[in-house]
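A.B. asks: This is the content of coords.cif (mmCIF, C-alpha atoms):
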```cif
data_protein
#
loop_
_atom_site.label_atom_id
_atom_site.label_comp_id
_atom_site.auth_asym_id
_atom_site.auth_seq_id
_atom_site.Cartn_x
_atom_site.Cartn_y
_atom_site.Cartn_z
CA MET P 222 33.57 -55.49 -29.92
CA ASP P 223 30.31 -54.23 -31.42
CA ALA P 224 27.82 -51.53 -30.46
CA LEU P 225 26.14 -53.72 -27.87
CA ASP P 226 29.45 -54.59 -26.21
CA ARG P 227 30.26 -50.88 -26.05
CA GLN P 228 26.88 -50.20 -24.51
CA ILE P 229 27.50 -52.89 -21.88
CA ILE P 230 30.94 -51.48 -21.04
CA ASN P 231 29.74 -47.90 -20.88
CA ARG P 232 26.74 -48.73 -18.75
CA TYR P 233 28.14 -51.21 -16.23
CA GLN P 234 31.47 -49.93 -14.93
CA GLY P 235 29.49 -49.48 -11.74
CA ASP P 236 25.94 -49.88 -10.52
CA PHE P 237 25.84 -53.63 -11.03
CA PRO P 238 22.45 -54.55 -9.56
CA ILE P 239 22.60 -56.43 -6.25
CA VAL P 240 19.63 -58.68 -6.93
CA ASP P 241 19.11 -62.43 -7.32
CA ARG P 242 19.28 -62.36 -11.13
CA PRO P 243 21.46 -59.32 -11.92
CA PHE P 244 22.17 -60.35 -15.51
CA LEU P 245 18.46 -60.62 -16.14
CA ALA P 246 18.10 -57.03 -14.91
CA LEU P 247 20.86 -55.95 -17.33
CA ALA P 248 19.26 -57.93 -20.15
CA LYS P 249 15.91 -56.21 -19.67
CA GLU P 250 17.58 -52.81 -19.80
CA LEU P 251 19.42 -53.73 -22.99
CA ASP P 252 16.44 -55.60 -24.44
CA ILE P 253 18.36 -58.83 -25.03
CA SER P 254 18.36 -62.21 -23.31
CA GLU P 255 20.04 -62.97 -20.01
CA SER P 256 22.22 -65.62 -21.64
CA GLU P 257 23.41 -63.17 -24.30
CA VAL P 258 24.53 -60.63 -21.69
CA MET P 259 26.43 -63.33 -19.84
CA THR P 260 27.99 -64.73 -23.00
CA ARG P 261 29.17 -61.30 -24.08
CA ILE P 262 30.67 -60.48 -20.67
CA ARG P 263 32.38 -63.88 -20.52
CA PHE P 264 33.77 -63.36 -24.00
CA MET P 265 35.11 -59.90 -23.19
CA LEU P 266 36.74 -61.26 -20.02
CA ASP P 267 38.37 -64.15 -21.92
CA ASP P 268 39.45 -61.81 -24.68
CA GLY P 269 41.07 -59.36 -22.26
CA LEU P 270 38.87 -56.37 -23.15
CA LEU P 271 37.70 -56.54 -19.55
CA THR P 272 40.28 -57.14 -16.85
CA ARG P 273 37.70 -58.22 -14.32
CA PHE P 274 34.11 -58.12 -13.24
CA GLY P 275 33.02 -57.67 -9.65
CA PRO P 276 33.46 -55.44 -6.62
CA LEU P 277 36.28 -52.91 -6.60
CA TYR P 278 37.45 -52.96 -3.00
CA ASN P 279 38.90 -49.86 -1.40
CA ILE P 280 41.96 -51.44 0.11
CA ASP P 281 42.63 -48.35 2.26
CA LYS P 282 39.57 -49.22 4.29
CA MET P 283 40.62 -52.82 4.84
CA GLY P 284 43.24 -52.11 7.48
CA GLY P 285 46.43 -51.55 5.49
CA THR P 286 48.70 -48.57 4.91
CA PHE P 287 49.82 -47.42 1.48
CA SER P 288 52.26 -44.91 0.27
CA LEU P 289 53.73 -43.61 -2.95
CA CYS P 290 57.51 -43.45 -2.85
CA ALA P 291 60.11 -42.14 -5.26
CA MET P 292 63.83 -42.42 -5.78
CA GLN P 293 66.45 -40.76 -7.91
CA VAL P 294 68.35 -43.68 -9.39
CA PRO P 295 71.57 -43.25 -11.39
CA GLU P 296 71.01 -44.48 -14.96
CA ASN P 297 73.82 -47.06 -14.85
CA LYS P 298 72.40 -48.64 -11.70
CA PHE P 299 68.76 -48.50 -12.73
CA ASP P 300 68.03 -52.17 -13.54
CA ASP P 301 69.97 -53.39 -10.54
CA VAL P 302 68.05 -51.06 -8.21
CA ALA P 303 64.73 -52.01 -9.85
CA ASN P 304 65.47 -55.67 -9.13
CA LYS P 305 66.30 -54.94 -5.52
CA VAL P 306 63.20 -52.81 -4.99
CA ASN P 307 60.88 -55.28 -6.75
CA GLN P 308 62.07 -58.10 -4.50
CA PHE P 309 60.27 -56.52 -1.57
CA PRO P 310 56.81 -58.13 -1.39
CA GLU P 311 55.50 -54.86 0.08
CA VAL P 312 56.23 -53.13 -3.26
CA ALA P 313 53.00 -53.43 -5.23
CA HIS P 314 53.60 -51.30 -8.32
CA ASN P 315 56.79 -49.83 -9.64
CA TYR P 316 57.16 -47.48 -12.62
CA GLU P 317 60.03 -45.84 -14.38
CA ARG P 318 59.15 -42.20 -15.07
CA ASP P 319 60.79 -39.46 -17.12
CA ASN P 320 61.88 -37.25 -14.26
CA ARG P 321 64.92 -36.66 -12.10
CA LEU P 322 62.96 -38.80 -9.63
CA ASN P 323 62.85 -41.69 -12.08
CA MET P 324 61.53 -44.59 -9.99
CA TRP P 325 58.05 -44.43 -8.45
CA PHE P 326 56.53 -47.26 -6.47
CA VAL P 327 53.66 -48.00 -4.12
CA ILE P 328 54.38 -49.73 -0.82
CA ALA P 329 51.54 -51.65 0.82
CA ALA P 330 52.18 -52.48 4.47
CA GLU P 331 50.20 -53.70 7.43
CA SER P 332 51.00 -50.69 9.58
CA GLU P 333 52.78 -47.33 9.63
CA ALA P 334 55.64 -49.01 11.48
CA GLU P 335 56.01 -51.67 8.81
CA LEU P 336 55.88 -49.01 6.10
CA GLY P 337 58.72 -47.13 7.80
CA GLU P 338 60.77 -50.30 8.17
CA THR P 339 60.25 -51.24 4.53
CA ILE P 340 61.45 -47.81 3.42
CA GLU P 341 64.52 -48.16 5.64
CA HIS P 342 65.27 -51.61 4.26
CA ILE P 343 64.96 -50.38 0.68
CA GLU P 344 67.37 -47.54 1.48
CA GLN P 345 69.83 -50.02 3.00
CA ALA P 346 69.53 -52.44 0.07
CA THR P 347 70.00 -49.75 -2.59
CA GLY P 348 72.11 -47.12 -0.84
CA LEU P 349 69.67 -44.49 -2.14
CA GLU P 350 67.28 -42.11 -0.42
CA VAL P 351 63.57 -42.98 -0.62
CA LEU P 352 61.16 -40.04 -0.66
CA ASN P 353 57.83 -40.87 0.92
CA PHE P 354 54.63 -39.24 -0.36
CA PRO P 355 51.80 -40.66 1.75
CA LYS P 356 48.42 -39.41 0.67
CA GLN P 357 46.99 -36.77 2.95
CA ARG P 358 43.70 -36.44 1.18
CA GLU P 359 41.97 -38.29 -1.64
CA PHE P 360 39.57 -36.39 -3.85
CA TYR P 361 36.46 -37.98 -5.15
CA VAL P 362 36.80 -39.05 -8.75
CA ASN P 363 34.08 -40.53 -10.86
CA PHE P 364 36.30 -41.94 -13.57
CA ARG P 365 34.70 -43.99 -16.32
CA LEU P 366 36.16 -44.90 -19.65
CA SER P 367 33.88 -44.48 -22.60
CA VAL P 368 34.15 -46.49 -25.79
CA MET C 214 50.59 -58.45 -0.36
CA SER C 215 49.27 -59.52 2.93
CA ILE C 216 47.06 -57.53 5.22
CA SER C 217 46.50 -58.67 8.74
CA ASP C 218 43.19 -59.13 10.42
CA SER C 219 43.55 -55.72 12.04
CA ALA C 220 40.61 -54.15 10.21
CA PHE C 221 38.44 -56.97 11.36
CA GLU C 222 39.84 -57.15 14.86
CA ARG C 223 38.85 -53.54 15.38
CA MET C 224 35.24 -54.64 15.20
CA ASP C 225 33.39 -55.46 18.40
CA THR C 226 32.71 -58.99 19.37
CA GLY C 227 29.24 -60.47 19.18
CA SER C 228 27.12 -59.84 16.13
CA ALA C 229 29.35 -57.04 14.83
CA GLY C 230 32.24 -59.49 15.08
CA GLU C 231 30.27 -62.12 13.23
CA LEU C 232 29.44 -59.64 10.48
CA ALA C 233 33.11 -58.67 10.25
CA THR C 234 34.01 -62.33 9.85
CA LEU C 235 31.39 -62.75 7.16
CA ASP C 236 32.54 -59.58 5.36
CA ARG C 237 36.09 -60.88 5.39
CA LYS C 238 34.96 -64.17 3.85
CA ILE C 239 33.00 -62.27 1.20
CA VAL C 240 36.01 -60.09 0.37
CA LEU C 241 38.26 -63.14 0.03
CA ALA C 242 35.71 -64.94 -2.13
CA THR C 243 35.15 -62.01 -4.50
CA GLN C 244 38.35 -59.95 -4.66
CA SER C 245 39.26 -61.59 -7.94
CA GLY C 246 35.71 -61.18 -9.23
CA LEU C 247 32.10 -62.30 -9.17
CA PRO C 248 31.05 -65.42 -11.10
CA VAL C 249 29.31 -64.75 -14.43
CA HIS C 250 26.38 -66.96 -13.49
CA GLU C 251 22.58 -66.47 -13.41
CA ARG C 252 22.67 -66.21 -9.61
CA PRO C 253 26.12 -64.90 -8.66
CA PHE C 254 25.14 -63.87 -5.14
CA ASP C 255 23.70 -67.33 -4.43
CA LEU C 256 27.01 -68.90 -5.45
CA ILE C 257 28.95 -66.54 -3.19
CA ALA C 258 26.49 -67.21 -0.35
CA ARG C 259 27.12 -70.94 -0.68
CA GLU C 260 30.87 -70.38 -0.73
CA VAL C 261 30.84 -68.30 2.47
CA ASP C 262 28.13 -70.45 4.04
CA ALA C 263 25.60 -67.67 4.59
CA ASN C 264 22.10 -66.71 3.56
CA PRO C 265 21.96 -65.03 0.10
CA GLU C 266 19.81 -62.20 1.48
CA LEU C 267 22.44 -61.46 4.12
CA VAL C 268 25.21 -61.58 1.50
CA LYS C 269 23.40 -59.02 -0.68
CA GLN C 270 22.87 -56.88 2.41
CA ARG C 271 26.60 -57.02 3.19
CA PHE C 272 27.50 -55.90 -0.36
CA ASN C 273 25.16 -52.94 0.07
CA ALA C 274 26.64 -52.16 3.48
CA MET C 275 30.20 -52.25 2.08
CA LEU C 276 29.15 -49.99 -0.81
CA ASP C 277 27.56 -47.56 1.67
CA ASP C 278 30.61 -47.27 3.92
CA GLY C 279 33.08 -47.11 1.03
CA ARG C 280 34.83 -50.45 1.51
CA ILE C 281 33.57 -51.22 -1.99
CA ARG C 282 34.11 -48.36 -4.42
CA ARG C 283 31.78 -49.86 -7.00
CA ILE C 284 30.63 -53.14 -8.49
CA GLY C 285 30.81 -53.68 -12.21
CA LEU C 286 32.95 -54.31 -15.25
CA VAL C 287 36.56 -53.17 -15.22
CA PRO C 288 37.72 -52.46 -18.77
CA ASN C 289 41.31 -52.94 -19.83
CA HIS C 290 42.13 -49.33 -20.63
CA TYR C 291 45.08 -50.25 -22.85
CA ARG C 292 42.84 -52.44 -25.00
CA LEU C 293 40.32 -49.62 -25.27
CA GLY C 294 42.99 -47.32 -26.64
CA TYR C 295 43.79 -45.34 -23.50
CA VAL C 296 47.48 -46.06 -23.79
CA ALA C 297 48.85 -42.74 -22.55
CA ASN C 298 48.83 -41.61 -18.96
CA GLY C 299 50.71 -38.91 -17.18
CA MET C 300 51.10 -38.09 -13.52
CA SER C 301 50.52 -34.36 -13.35
CA VAL C 302 51.91 -32.68 -10.25
CA TRP C 303 51.12 -29.20 -9.00
CA ASP C 304 52.41 -26.80 -6.39
CA ILE C 305 49.30 -25.18 -4.94
CA ASP C 306 49.21 -22.95 -1.88
CA ASP C 307 48.04 -25.02 1.10
CA ALA C 308 45.12 -22.63 1.63
CA ASP C 309 43.81 -23.38 -1.88
CA ALA C 310 44.76 -27.05 -2.09
CA GLN C 311 41.48 -28.56 -0.93
CA ALA C 312 39.32 -26.58 -3.36
CA SER C 313 41.77 -27.14 -6.21
CA GLY C 314 41.86 -30.87 -5.54
CA GLU C 315 38.10 -31.13 -5.59
CA MET C 316 37.96 -29.25 -8.87
CA VAL C 317 40.67 -31.33 -10.56
CA GLY C 318 39.27 -34.63 -9.24
CA ALA C 319 35.92 -33.84 -10.84
CA LEU C 320 37.41 -33.40 -14.34
CA ASP C 321 37.06 -36.06 -17.03
CA MET C 322 40.11 -38.21 -17.62
CA VAL C 323 41.44 -37.78 -14.08
CA SER C 324 41.45 -41.23 -12.49
CA HIS C 325 43.17 -40.41 -9.20
CA CYS C 326 43.66 -37.14 -7.39
CA TYR C 327 45.57 -36.81 -4.12
CA LEU C 328 47.10 -34.27 -1.81
CA ARG C 329 50.57 -35.37 -0.69
CA PRO C 330 53.37 -33.76 1.33
CA ARG C 331 56.07 -31.81 -0.53
CA ALA C 332 59.70 -32.90 -0.32
CA LEU C 333 61.37 -29.50 -0.24
CA PRO C 334 63.54 -28.13 -1.69
CA ASP C 335 63.58 -30.63 -4.58
CA TRP C 336 59.93 -31.47 -4.84
CA PRO C 337 57.54 -28.53 -4.39
CA TYR C 338 54.43 -30.33 -5.65
CA ASN C 339 51.55 -31.23 -3.33
CA LEU C 340 48.67 -32.06 -5.68
CA PHE C 341 48.89 -35.22 -7.82
CA ALA C 342 46.41 -36.01 -10.59
CA MET C 343 46.66 -39.00 -12.93
CA VAL C 344 45.50 -38.03 -16.42
CA HIS C 345 44.58 -40.53 -19.15
CA GLY C 346 44.31 -40.23 -22.91
CA HIS C 347 44.52 -42.06 -26.21
CA TYR C 348 47.92 -40.59 -26.98
CA HIS C 349 50.65 -38.49 -25.45
CA GLU C 350 49.49 -35.16 -26.90
CA GLU C 351 45.95 -35.69 -25.63
CA VAL C 352 47.31 -36.06 -22.09
CA LEU C 353 49.37 -32.88 -22.53
CA ASP C 354 46.23 -31.07 -23.79
CA LYS C 355 44.24 -32.21 -20.77
CA VAL C 356 46.97 -31.04 -18.43
CA GLU C 357 46.94 -27.64 -20.16
CA GLN C 358 43.20 -27.48 -19.58
CA ILE C 359 43.71 -28.25 -15.90
CA ALA C 360 46.40 -25.56 -15.71
CA HIS C 361 44.01 -23.10 -17.32
CA LYS C 362 41.26 -23.94 -14.83
CA LEU C 363 43.61 -23.61 -11.85
CA GLY C 364 44.90 -20.30 -13.22
CA ASP C 365 47.10 -18.32 -10.85
CA LYS C 366 46.73 -20.94 -8.11
CA VAL C 367 49.54 -22.83 -9.84
CA ARG C 368 52.97 -21.85 -8.52
CA ALA C 369 54.78 -24.64 -10.36
CA ARG C 370 53.84 -27.79 -12.21
CA ASP C 371 55.24 -30.78 -14.03
CA ILE C 372 54.06 -33.94 -15.73
CA LEU C 373 55.70 -37.36 -15.42
CA PHE C 374 55.10 -40.01 -18.04
CA SER C 375 55.78 -43.62 -17.26
CA THR C 376 58.42 -45.04 -19.54
CA ARG C 377 58.35 -48.62 -18.21
CA ILE C 378 56.27 -50.76 -15.88
CA LEU C 379 58.82 -52.36 -13.55
CA LYS C 380 56.38 -54.27 -11.36
CA LYS C 381 52.64 -54.60 -11.20
CA THR C 382 50.91 -56.85 -8.72
CA GLY C 383 47.37 -56.52 -7.54
CA LEU C 384 46.83 -55.43 -3.97
CA ARG C 385 45.42 -58.50 -2.32
CA ILE C 386 44.01 -59.22 1.06
CA SER C 387 45.08 -62.52 2.55
#
```
Could you write out this structure as C-alpha cells?
C.D. replies:
Amino acid sequence: MDALDRQIINRYQGDFPIVDRPFLALAKELDISESEVMTRIRFMLDDGLLTRFGPLYNIDKMGGTFSLCAMQVPENKFDDVANKVNQFPEVAHNYERDNRLNMWFVIAAESEAELGETIEHIEQATGLEVLNFPKQREFYVNFRLSV
Amino acid sequence: MSISDSAFERMDTGSAGELATLDRKIVLATQSGLPVHERPFDLIAREVDANPELVKQRFNAMLDDGRIRRIGLVPNHYRLGYVANGMSVWDIDDADAQASGEMVGALDMVSHCYLRPRALPDWPYNLFAMVHGHYHEEVLDKVEQIAHKLGDKVRARDILFSTRILKKTGLRIS
C-alpha cells in the first residue's frame, strides 16, 4: 500500500460517483489514468486490504428485524452453548466478550414474531436466559477509517 | 439469512410496484459488490434488464431514502491496524439519552451508537457505542474521553472487549 492507495482509501469510503464512467471521474481527481485506479482497487480487493467495493445496504430498511442479544454462559459449558447458538441460521454474528454477560449475538429475523420465537428456541436449546436488547434509536455516525 | 419480500410487498402495485421489483433485483445483483469495470452501472443494468439511466436513478433514490448508507470502498479494518474494539455501555438518564447519543455518535472512532432497553437490575446501561482503535489502550483512552464529555450524565458505565469471534456471517437478502 503506497501513498496513492491510501489516498484512494481515504477518499472513497463513500461518495462513489454514480455516473457512466465512475473510475474515470476518480482518476481525474487523483490525476492518474482510469485503468490505474481500477488496477489498484482490484489489487487491494484481491489482497484483502479492502473487504468489498459497492453499496452498503441498510438492512434495517429492507424489511427485516434485528436485535442484539446476550447470555450469561457458564465457563464449562461455553463451547457447547456457542455451537448450539451458532446453529441457528438467524444468528448472524456471535462474540465472546469479557463480561458476566459473556456471549453477545445479533439475531436477524423476518418479523418480530420470528425474532421472539428464535429467542425462545435458543433458550430451550441451551437452558439459559437470553436478554434481548433491540435498538430503540440509532444515532447518526459518520465513521471513516483513515490510513 | 433470508428476508422475505415483505419490504417489497408493502409497495403499491403499478409503477411503484415495478420500481420495487427493480430495486430488489438491483440489491440482489450488488449486495456483494459492484464490478470494477469501466462502466459498472451498465453491467448492472444489463444484469437486471433495465435502462442504465434508470439504474443510476434507483441508486440515487436508495441513497436518498437511506436504503443505501453509502457507496464506496470498504476497508478491512484489521488489515489497516484497527485491531482493537470495545463496546462501551453507559447508563444515562432517559431525559438526557437522546442528546448524549447524538454527541457520542458524532465522535471519531465511534462506528455504531444505539439506544437500547436496560435489563434491570443486572444491566443498567441504555447507550451503546462501539469504539475502535489500533490497540487496547487507545480504545480505553477514547472511552475516557467520551466519559469526560458526558460528564455527570453518566450514572454508570462499562466497556466490553471481544475475546473471540464465534460466528460472523454477512446479513444477506435472499
A.B. asks: Determine, counting only C-alpha atoms, which protein, DNA and RNA residues have an atom within 10 Å of an atom of Glu350 in chain P; residues of the same chain fewer than 5 positions away are not included. Present the result as a short mmCIF file (atom, residue, chain, number, x, y, z; two decimals) with C-alpha atoms, in the frame of the given file.
C.D. replies:
```cif
data_model
loop_
_atom_site.label_atom_id
_atom_site.label_comp_id
_atom_site.auth_asym_id
_atom_site.auth_seq_id
_atom_site.Cartn_x
_atom_site.Cartn_y
_atom_site.Cartn_z
CA ALA P 291 60.11 -42.14 -5.26
CA MET P 292 63.83 -42.42 -5.78
CA GLN P 293 66.45 -40.76 -7.91
CA VAL P 294 68.35 -43.68 -9.39
CA ILE P 340 61.45 -47.81 3.42
CA GLU P 341 64.52 -48.16 5.64
CA ILE P 343 64.96 -50.38 0.68
CA GLU P 344 67.37 -47.54 1.48
CA GLN P 345 69.83 -50.02 3.00
#
```
A.B. asks: Got a sec: who's within 12 Å of Glu338 in chain P, counting only C-alpha atoms, leaving out chain neighbours fewer than 6 positions off, as a ChimeraX atom specification?
C.D. replies: /P:309,311,328-332,344-345,351
A.B. asks: Compare P:Gly337, P:Gly348, P:Pro295, P:Pro276 by their minimum atom-to-atom distance to chain C, counting only C-alpha atoms, and give me the closest one.
C.D. replies: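 Smallest separation from chain C among the options: P:Pro276.
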A.B. asks: At a cut-off of 12 Å, using all atoms listed in the file, what residues contact Gly346 in chain C? Leave out same-chain residues fewer than 2 positions from it and give the result as an MDAnalysis selection string.
C.D. replies: (chainID P and resid 366:367) or (chainID C and resid 290:291 293:300 321:324 343:344 348:356 374)
A.B. asks: Looking at C:Arg368, C:Arg280, C:Lys362, C:His345, which one is nearest to chain P, with distances taken over all atoms listed in the file?
C.D. replies: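 Checking each candidate against chain P, we get C:Arg280 as the closest.
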A.B. asks: Evaluate the PyMOL selection byres ((chain C) within 7 of (chain P)) on the structure here and hand back the selected residues as a PyMOL selection string.
C.D. replies: chain C and resi 214+216-217+219-220+244+246-247+249+251-252+254+269+279-289+292-293+314-315+318-319+321-330+373-384
A.B. asks: I need the chosen residues saved as a PDB file, keeping the file's coordinate frame, with C-alpha atoms.
C.D. replies:
```
ATOM      1  CA  MET C 214      50.590 -58.450  -0.360  1.00  0.00           C
ATOM      2  CA  ILE C 216      47.060 -57.530   5.220  1.00  0.00           C
ATOM      3  CA  SER C 217      46.500 -58.670   8.740  1.00  0.00           C
ATOM      4  CA  SER C 219      43.550 -55.720  12.040  1.00  0.00           C
ATOM      5  CA  ALA C 220      40.610 -54.150  10.210  1.00  0.00           C
ATOM      6  CA  GLN C 244      38.350 -59.950  -4.660  1.00  0.00           C
ATOM      7  CA  GLY C 246      35.710 -61.180  -9.230  1.00  0.00           C
ATOM      8  CA  LEU C 247      32.100 -62.300  -9.170  1.00  0.00           C
ATOM      9  CA  VAL C 249      29.310 -64.750 -14.430  1.00  0.00           C
ATOM     10  CA  GLU C 251      22.580 -66.470 -13.410  1.00  0.00           C
ATOM     11  CA  ARG C 252      22.670 -66.210  -9.610  1.00  0.00           C
ATOM     12  CA  PHE C 254      25.140 -63.870  -5.140  1.00  0.00           C
ATOM     13  CA  LYS C 269      23.400 -59.020  -0.680  1.00  0.00           C
ATOM     14  CA  GLY C 279      33.080 -47.110   1.030  1.00  0.00           C
ATOM     15  CA  ARG C 280      34.830 -50.450   1.510  1.00  0.00           C
ATOM     16  CA  ILE C 281      33.570 -51.220  -1.990  1.00  0.00           C
ATOM     17  CA  ARG C 282      34.110 -48.360  -4.420  1.00  0.00           C
ATOM     18  CA  ARG C 283      31.780 -49.860  -7.000  1.00  0.00           C
ATOM     19  CA  ILE C 284      30.630 -53.140  -8.490  1.00  0.00           C
ATOM     20  CA  GLY C 285      30.810 -53.680 -12.210  1.00  0.00           C
ATOM     21  CA  LEU C 286      32.950 -54.310 -15.250  1.00  0.00           C
ATOM     22  CA  VAL C 287      36.560 -53.170 -15.220  1.00  0.00           C
ATOM     23  CA  PRO C 288      37.720 -52.460 -18.770  1.00  0.00           C
ATOM     24  CA  ASN C 289      41.310 -52.940 -19.830  1.00  0.00           C
ATOM     25  CA  ARG C 292      42.840 -52.440 -25.000  1.00  0.00           C
ATOM     26  CA  LEU C 293      40.320 -49.620 -25.270  1.00  0.00           C
ATOM     27  CA  GLY C 314      41.860 -30.870  -5.540  1.00  0.00           C
ATOM     28  CA  GLU C 315      38.100 -31.130  -5.590  1.00  0.00           C
ATOM     29  CA  GLY C 318      39.270 -34.630  -9.240  1.00  0.00           C
ATOM     30  CA  ALA C 319      35.920 -33.840 -10.840  1.00  0.00           C
ATOM     31  CA  ASP C 321      37.060 -36.060 -17.030  1.00  0.00           C
ATOM     32  CA  MET C 322      40.110 -38.210 -17.620  1.00  0.00           C
ATOM     33  CA  VAL C 323      41.440 -37.780 -14.080  1.00  0.00           C
ATOM     34  CA  SER C 324      41.450 -41.230 -12.490  1.00  0.00           C
ATOM     35  CA  HIS C 325      43.170 -40.410  -9.200  1.00  0.00           C
ATOM     36  CA  CYS C 326      43.660 -37.140  -7.390  1.00  0.00           C
ATOM     37  CA  TYR C 327      45.570 -36.810  -4.120  1.00  0.00           C
ATOM     38  CA  LEU C 328      47.100 -34.270  -1.810  1.00  0.00           C
ATOM     39  CA  ARG C 329      50.570 -35.370  -0.690  1.00  0.00           C
ATOM     40  CA  PRO C 330      53.370 -33.760   1.330  1.00  0.00           C
ATOM     41  CA  LEU C 373      55.700 -37.360 -15.420  1.00  0.00           C
ATOM     42  CA  PHE C 374      55.100 -40.010 -18.040  1.00  0.00           C
ATOM     43  CA  SER C 375      55.780 -43.620 -17.260  1.00  0.00           C
ATOM     44  CA  THR C 376      58.420 -45.040 -19.540  1.00  0.00           C
ATOM     45  CA  ARG C 377      58.350 -48.620 -18.210  1.00  0.00           C
ATOM     46  CA  ILE C 378      56.270 -50.760 -15.880  1.00  0.00           C
ATOM     47  CA  LEU C 379      58.820 -52.360 -13.550  1.00  0.00           C
ATOM     48  CA  LYS C 380      56.380 -54.270 -11.360  1.00  0.00           C
ATOM     49  CA  LYS C 381      52.640 -54.600 -11.200  1.00  0.00           C
ATOM     50  CA  THR C 382      50.910 -56.850  -8.720  1.00  0.00           C
ATOM     51  CA  GLY C 383      47.370 -56.520  -7.540  1.00  0.00           C
ATOM     52  CA  LEU C 384      46.830 -55.430  -3.970  1.00  0.00           C
TER      53      LEU C 384
END
```
A.B. asks: At what distance in Å, to one decimal, does CA of Gly230 in chain C lie from CA of Ala258 in chain C?
C.D. replies: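 Spanning CA of Ala258 in chain C to CA of Gly230 in chain C is a straight-line distance of 18.2 Å.
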A.B. asks: Kindly give the distance, in Å, that separates CA of Phe287 in chain P and CA of Tyr338 in chain C, rounded to a single decimal.
C.D. replies: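 We find that CA of Phe287 in chain P and CA of Tyr338 in chain C lie 19.1 Å from each other.
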A.B. asks: So the first atom is CA of Gly364 in chain C and the second is CA of Arg331 in chain C; what is the distance between them in Å, to one decimal place?
C.D. replies: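 CA of Arg331 in chain C lies at a distance of 20.5 Å from CA of Gly364 in chain C.
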A.B. asks: If we count all atoms listed in the file, what is near Ala369 in chain C at a cut-off of 8 Å, once residues fewer than 2 positions away on the same chain are taken out, given as a list of chain:residue names?
C.D. replies: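 These residues fall inside the cut-off: C:Trp303, C:Asp304, C:Ile305, C:Pro337, C:Tyr338, C:Val367, C:Asp371.
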A.B. asks: Measuring between only C-alpha atoms, which one of C:Ala312, C:Leu256, C:Leu241, C:Val261 shows the shortest distance to Leu363 in chain C?
C.D. replies: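 Among the listed residues, C:Ala312 lies closest to Leu363 in chain C.
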A.B. asks: With only C-alpha atoms as the basis for distance, which of C:Pro253, C:Glu266, C:Ser245, C:Ser301 is at the shortest distance from Ala360 in chain C?
C.D. replies: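 Closest candidate: C:Ser301.
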